[in-house]
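Colleague: A single structure is presented below for examination.
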Amino acid sequence: MSVDKKEIETQIDAVKKTMNAILAESNLARFISTNKNVLGSGKMLRSRLIQHLGLTGESSPSLLVRAGAAVDIIHAASLVHDDVIDGGIIRRGAPTFWKKHGTNGAILFGDLMMFRALSLLVDGDRPDLLKELIDMTGEVCRSEAEQELILRGNLGTWSECEQIARFKTGSLFAFAAVAGGSGNLTEANALREAGFILGTVYQLADDILDASGNEEISGKTLGRDTQRGKTTAVTATIGAPTDPVRYLFSLLKEASELLKPWDHLQVAWDGYIESEFQPIISKFVNA
């Protein structure tokens with residue numbers, strides 16, 4: 001069954017409030033209120049995936065809110081760090097955190113955000129989710145380090161590029177997919193893989209957007225990937241598909257097929273792709 005759009009938006013509002021509340025428990029809370037582009041102003045695709053999937057099952061709405069807040073805070077923290085690494089000066093249409101408060105402050109504030117996020121999953125009906133988020137955040141860090149320390153300056157192959165995308169961006173989508181499920185092991189494995197594929201598509205499409213230079217669509221500094229010699233979907237031509245855009249949309253179909261044994265999840269997944277995810281990807285690749 002599909003989820004009511006109003007119910008999704010009610011949950012997302014609660015996610016935003018939870019994100020702000022958990023960071024308000026620190027004397028650094030004022031840096032959230034004076035940097036509106038850090039939390040809750042993005043697309044929140046990961047939180048939205050959790051709500052679309054979870055509201056069709058038996059998960060409590062409060063658990064779905066905490067999981068959504070946790071993953072989106074981790075994602076926001078990774079962007080604070082990424083902007084330092086890439087030298088980005090605009091994020092979500094406003095000056096980046098490091099540009100306003102310095103690199104040291106940005107690194108330390110990003111660290112704080114990550115640990116506050118994890119605290120949201122210490123208690124609850126799904127103890128597996130804390131380990132899941134720790135593991136997936138570790139994969140993000142590992143792939144970012146690999147891209148910076150091993151592959152930078154190397155055009156790379158399409159396979160290498162896809163692997164970077166899978167773990168750099170796919171990991172948090174994988175967490176979100178698992179968090180929207182029931183916790184059943186077989187189901188969780190299918191959801192995790194579907195999430196990895198989803199994040200891979202997002203990152204590869206974002207690589208294409210970065211090369212296009214359309215900052216009006218992206219709301220962030222573009223062109224830094226090429227300047228810093230990163231392996232991306234644009235530079236990695238060895239082994240690349242003849243039509244990368246068609247390939248990305250074929251991956252979306254592959255992810256949906258993984259959920260075929262669970263009708264309610266597949267319907268919710270397809271609804272999310274159609275209403276939330278695919279319109280953004282289409283903008284990216286057509287920029």
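By convention in this document, the chains of the structure tokens carry letters A, B, ... by their order, each chain's residues are numbered from 1, and ligands are numbered from 1 in the order they are shown.
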Which residues are close to Ala179 of chain A, i.e. within 7 Å by only C-alpha atoms, leaving aside same-chain residues fewer than 5 positions away? Reply as a PyMOL selection string.

Modeller: chain A and resi 50+67+129

Colleague: Please identify every residue of segment 28-99 of chain A that has at least one atom no farther than 10 Å from an atom of segment 270-277 of chain A, counting only C-alpha atoms, and for each give the shortest atom pair and the distance in Å to one decimal, arranged by chain then increasing number, as JSON lines.

Modeller:
{"residue": "A:Lys43", "atom": "CA", "partner": "A:Glu276", "partner_atom": "CA", "distance": 8.9}
{"residue": "A:Met44", "atom": "CA", "partner": "A:Glu276", "partner_atom": "CA", "distance": 9.7}
{"residue": "A:Leu45", "atom": "CA", "partner": "A:Phe277", "partner_atom": "CA", "distance": 7.2}
{"residue": "A:Arg46", "atom": "CA", "partner": "A:Phe277", "partner_atom": "CA", "distance": 10.0}
{"residue": "A:Arg48", "atom": "CA", "partner": "A:Tyr272", "partner_atom": "CA", "distance": 7.9}
{"residue": "A:Leu49", "atom": "CA", "partner": "A:Tyr272", "partner_atom": "CA", "distance": 6.6}
{"residue": "A:Ile50", "atom": "CA", "partner": "A:Tyr272", "partner_atom": "CA", "distance": 9.8}
{"residue": "A:Gln51", "atom": "CA", "partner": "A:Tyr272", "partner_atom": "CA", "distance": 9.4}
{"residue": "A:His52", "atom": "CA", "partner": "A:Tyr272", "partner_atom": "CA", "distance": 6.4}
{"residue": "A:Leu53", "atom": "CA", "partner": "A:Tyr272", "partner_atom": "CA", "distance": 8.4}

Colleague: Can I get the selection written as an mmCIF file, in the first residue's frame, with N, CA and C atoms?

Modeller:
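Output file out-v1.cif follows:
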data_model
loop_
_atom_site.group_PDB
_atom_site.id
_atom_site.type_symbol
_atom_site.label_atom_id
_atom_site.label_comp_id
_atom_site.auth_asym_id
_atom_site.auth_seq_id
_atom_site.Cartn_x
_atom_site.Cartn_y
_atom_site.Cartn_z
ATOM 1 N N LYS A 43 17.436 17.779 0.908
ATOM 2 C CA LYS A 43 16.358 16.970 0.331
ATOM 3 C C LYS A 43 15.852 15.906 1.293
ATOM 4 N N MET A 44 16.690 15.517 2.262
ATOM 5 C CA MET A 44 16.331 14.523 3.281
ATOM 6 C C MET A 44 15.849 13.213 2.664
ATOM 7 N N LEU A 45 16.521 12.792 1.612
ATOM 8 C CA LEU A 45 16.116 11.582 0.892
ATOM 9 C C LEU A 45 16.232 10.330 1.754
ATOM 10 N N ARG A 46 17.207 10.286 2.622
ATOM 11 C CA ARG A 46 17.399 9.105 3.465
ATOM 12 C C ARG A 46 16.281 8.987 4.493
ATOM 13 N N ARG A 48 13.354 10.286 4.233
ATOM 14 C CA ARG A 48 12.103 10.036 3.513
ATOM 15 C C ARG A 48 11.978 8.564 3.115
ATOM 16 N N LEU A 49 13.093 7.942 2.772
ATOM 17 C CA LEU A 49 13.058 6.519 2.450
ATOM 18 C C LEU A 49 12.612 5.706 3.661
ATOM 19 N N ILE A 50 13.141 6.041 4.826
ATOM 20 C CA ILE A 50 12.752 5.336 6.052
ATOM 21 C C ILE A 50 11.257 5.450 6.291
ATOM 22 N N GLN A 51 10.709 6.647 6.122
ATOM 23 C CA GLN A 51 9.274 6.853 6.389
ATOM 24 C C GLN A 51 8.420 6.106 5.366
ATOM 25 N N HIS A 52 8.774 6.183 4.099
ATOM 26 C CA HIS A 52 7.992 5.499 3.069
ATOM 27 C C HIS A 52 7.916 4.000 3.345
ATOM 28 N N LEU A 53 9.042 3.405 3.696
ATOM 29 C CA LEU A 53 9.075 1.969 3.945
ATOM 30 C C LEU A 53 8.450 1.618 5.290
#

Colleague: Please identify the strand (DSSP E or B) residues within segment 41-258 of chain A (assignment by DSSP from backbone atoms) and present them as a PyMOL selection string.

Modeller: chain A and resi 90-91+94-95+157+238

Colleague: For the selection you just gave me, I'd like the residues written to a file as a PDB file, in the first residue's frame, keeping N, CA and C atoms.

Modeller:
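Saved file again31.pdb follows:
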ATOM      1  N   ILE A  90      29.977  27.073  -1.011  1.00  0.00           N
ATOM      2  CA  ILE A  90      28.519  27.172  -0.963  1.00  0.00           C
ATOM      3  C   ILE A  90      27.935  25.781  -0.726  1.00  0.00           C
ATOM      4  N   ARG A  91      26.986  25.712   0.201  1.00  0.00           N
ATOM      5  CA  ARG A  91      26.273  24.453   0.472  1.00  0.00           C
ATOM      6  C   ARG A  91      24.812  24.805   0.714  1.00  0.00           C
ATOM      7  N   ALA A  94      24.036  28.571   0.714  1.00  0.00           N
ATOM      8  CA  ALA A  94      24.580  29.489   1.726  1.00  0.00           C
ATOM      9  C   ALA A  94      26.054  29.153   1.972  1.00  0.00           C
ATOM     10  N   PRO A  95      26.803  30.080   2.611  1.00  0.00           N
ATOM     11  CA  PRO A  95      28.221  29.809   2.884  1.00  0.00           C
ATOM     12  C   PRO A  95      28.406  28.539   3.711  1.00  0.00           C
ATOM     13  N   THR A 157      38.867   3.455 -13.206  1.00  0.00           N
ATOM     14  CA  THR A 157      37.964   2.699 -14.082  1.00  0.00           C
ATOM     15  C   THR A 157      36.533   2.919 -13.621  1.00  0.00           C
ATOM     16  N   ILE A 238      37.094   4.136 -18.599  1.00  0.00           N
ATOM     17  CA  ILE A 238      37.487   2.748 -18.865  1.00  0.00           C
ATOM     18  C   ILE A 238      36.417   1.797 -18.317  1.00  0.00           C
TER      19      ILE A 238
END

Colleague: Looking at only C-alpha atoms, which of A:Gly57, A:Gly199, A:Gly87, A:Gly42 is the one that sits closest to Arg166 of chain A?

Modeller: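 Closest candidate: A:Gly199.
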
Colleague: Can you pull out every residue within 12 Å of Ser33 of chain A, counting only C-alpha atoms, but drop anything in the same chain fewer than 4 positions away, and send it as a VMD selection string?

Modeller: chain A and resid 19 to 21 23 to 24 28 to 29 37 to 41

Colleague: What residues in segment 82-240 of chain A get the DSSP label alpha helix (DSSP H)? Please answer as an NGL selection string.

Modeller: :A and (82-86 or 97-101 or 103-119 or 128-146 or 158-168 or 170-179 or 185-212 or 215-218 or 224-227)

Colleague: Using only C-alpha atoms, which residue out of A:Ile134, A:Thr186, A:Ala268, A:Thr56 lies closest to Ser119 of chain A?

Modeller: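 Among the listed residues, the smallest separation from Ser119 of chain A belongs to A:Ile134.
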
Colleague: List the neighbours of Asp128 of chain A out to 12 Å using only C-alpha atoms; skip same-chain residues closer than 2 positions along the sequence, and give me the result as a list in words.

Modeller: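 Residues meeting the cut-off are Ala67, Leu121, Val122, Asp123, Gly124, Asp125, Arg126, Leu130, Lys131, Glu132, Leu133, Ile134, Asp135, Phe175, Val178, Ala179, Gly181, Ser182, Gly183, Asn184, Leu185 and Ala188 of chain A.
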
Colleague: Any chance you can output those residues with C-alpha atoms as a short mmCIF file (atom, residue, chain, number, x, y, z; two decimals), in the first residue's frame?

Modeller:
data_model
loop_
_atom_site.label_atom_id
_atom_site.label_comp_id
_atom_site.auth_asym_id
_atom_site.auth_seq_id
_atom_site.Cartn_x
_atom_site.Cartn_y
_atom_site.Cartn_z
CA ALA A 67 16.31 6.63 12.73
CA LEU A 121 19.63 4.78 18.54
CA VAL A 122 20.98 3.60 21.89
CA ASP A 123 17.50 2.76 23.19
CA GLY A 124 14.51 1.42 21.27
CA ASP A 125 12.81 -1.58 19.70
CA ARG A 126 15.52 -2.10 17.06
CA LEU A 130 22.82 1.23 16.17
CA LYS A 131 25.36 -1.31 14.89
CA GLU A 132 23.99 -0.88 11.38
CA LEU A 133 24.55 2.88 11.47
CA ILE A 134 28.03 2.52 13.01
CA ASP A 135 29.01 0.01 10.32
CA PHE A 175 21.03 2.03 6.52
CA VAL A 178 17.17 -1.45 6.63
CA ALA A 179 15.71 1.00 9.17
CA GLY A 181 12.07 -2.68 7.40
CA SER A 182 11.00 -5.05 10.15
CA GLY A 183 14.44 -6.26 11.20
CA ASN A 184 13.96 -9.72 9.69
CA LEU A 185 17.41 -10.90 8.53
CA ALA A 188 17.19 -6.66 5.87
#

Colleague: Figure out the distance between atom CA of Ile89 of chain A and atom CA of Glu162 of chain A, please, to one decimal in Å.

Modeller: 26.6 Å

Colleague: Using atom CA of Lys16 of chain A and atom CA of Ser62 of chain A as the two end points, give the distance in Å to one decimal.

Modeller: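 If I compute the distance from atom CA of Lys16 of chain A to atom CA of Ser62 of chain A, I get 12.7 Å.
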
Colleague: Give me the residues near Ala69 of chain A as a list in words, where near means some atom within 8 Å (using only C-alpha atoms) and where sequence neighbours in that chain fewer than 5 positions away do not count.

Modeller: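 Non-adjacent residues within range: Val15, Lys16, Thr18, Met19, Ser47, Ala117 and Leu120 of chain A.
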
Colleague: From the options A:Asp263, A:Asp13, A:Asp83, A:Asp72, which residue's atoms come nearest to Ala176 of chain A, counting only C-alpha atoms?

Modeller: A:Asp72
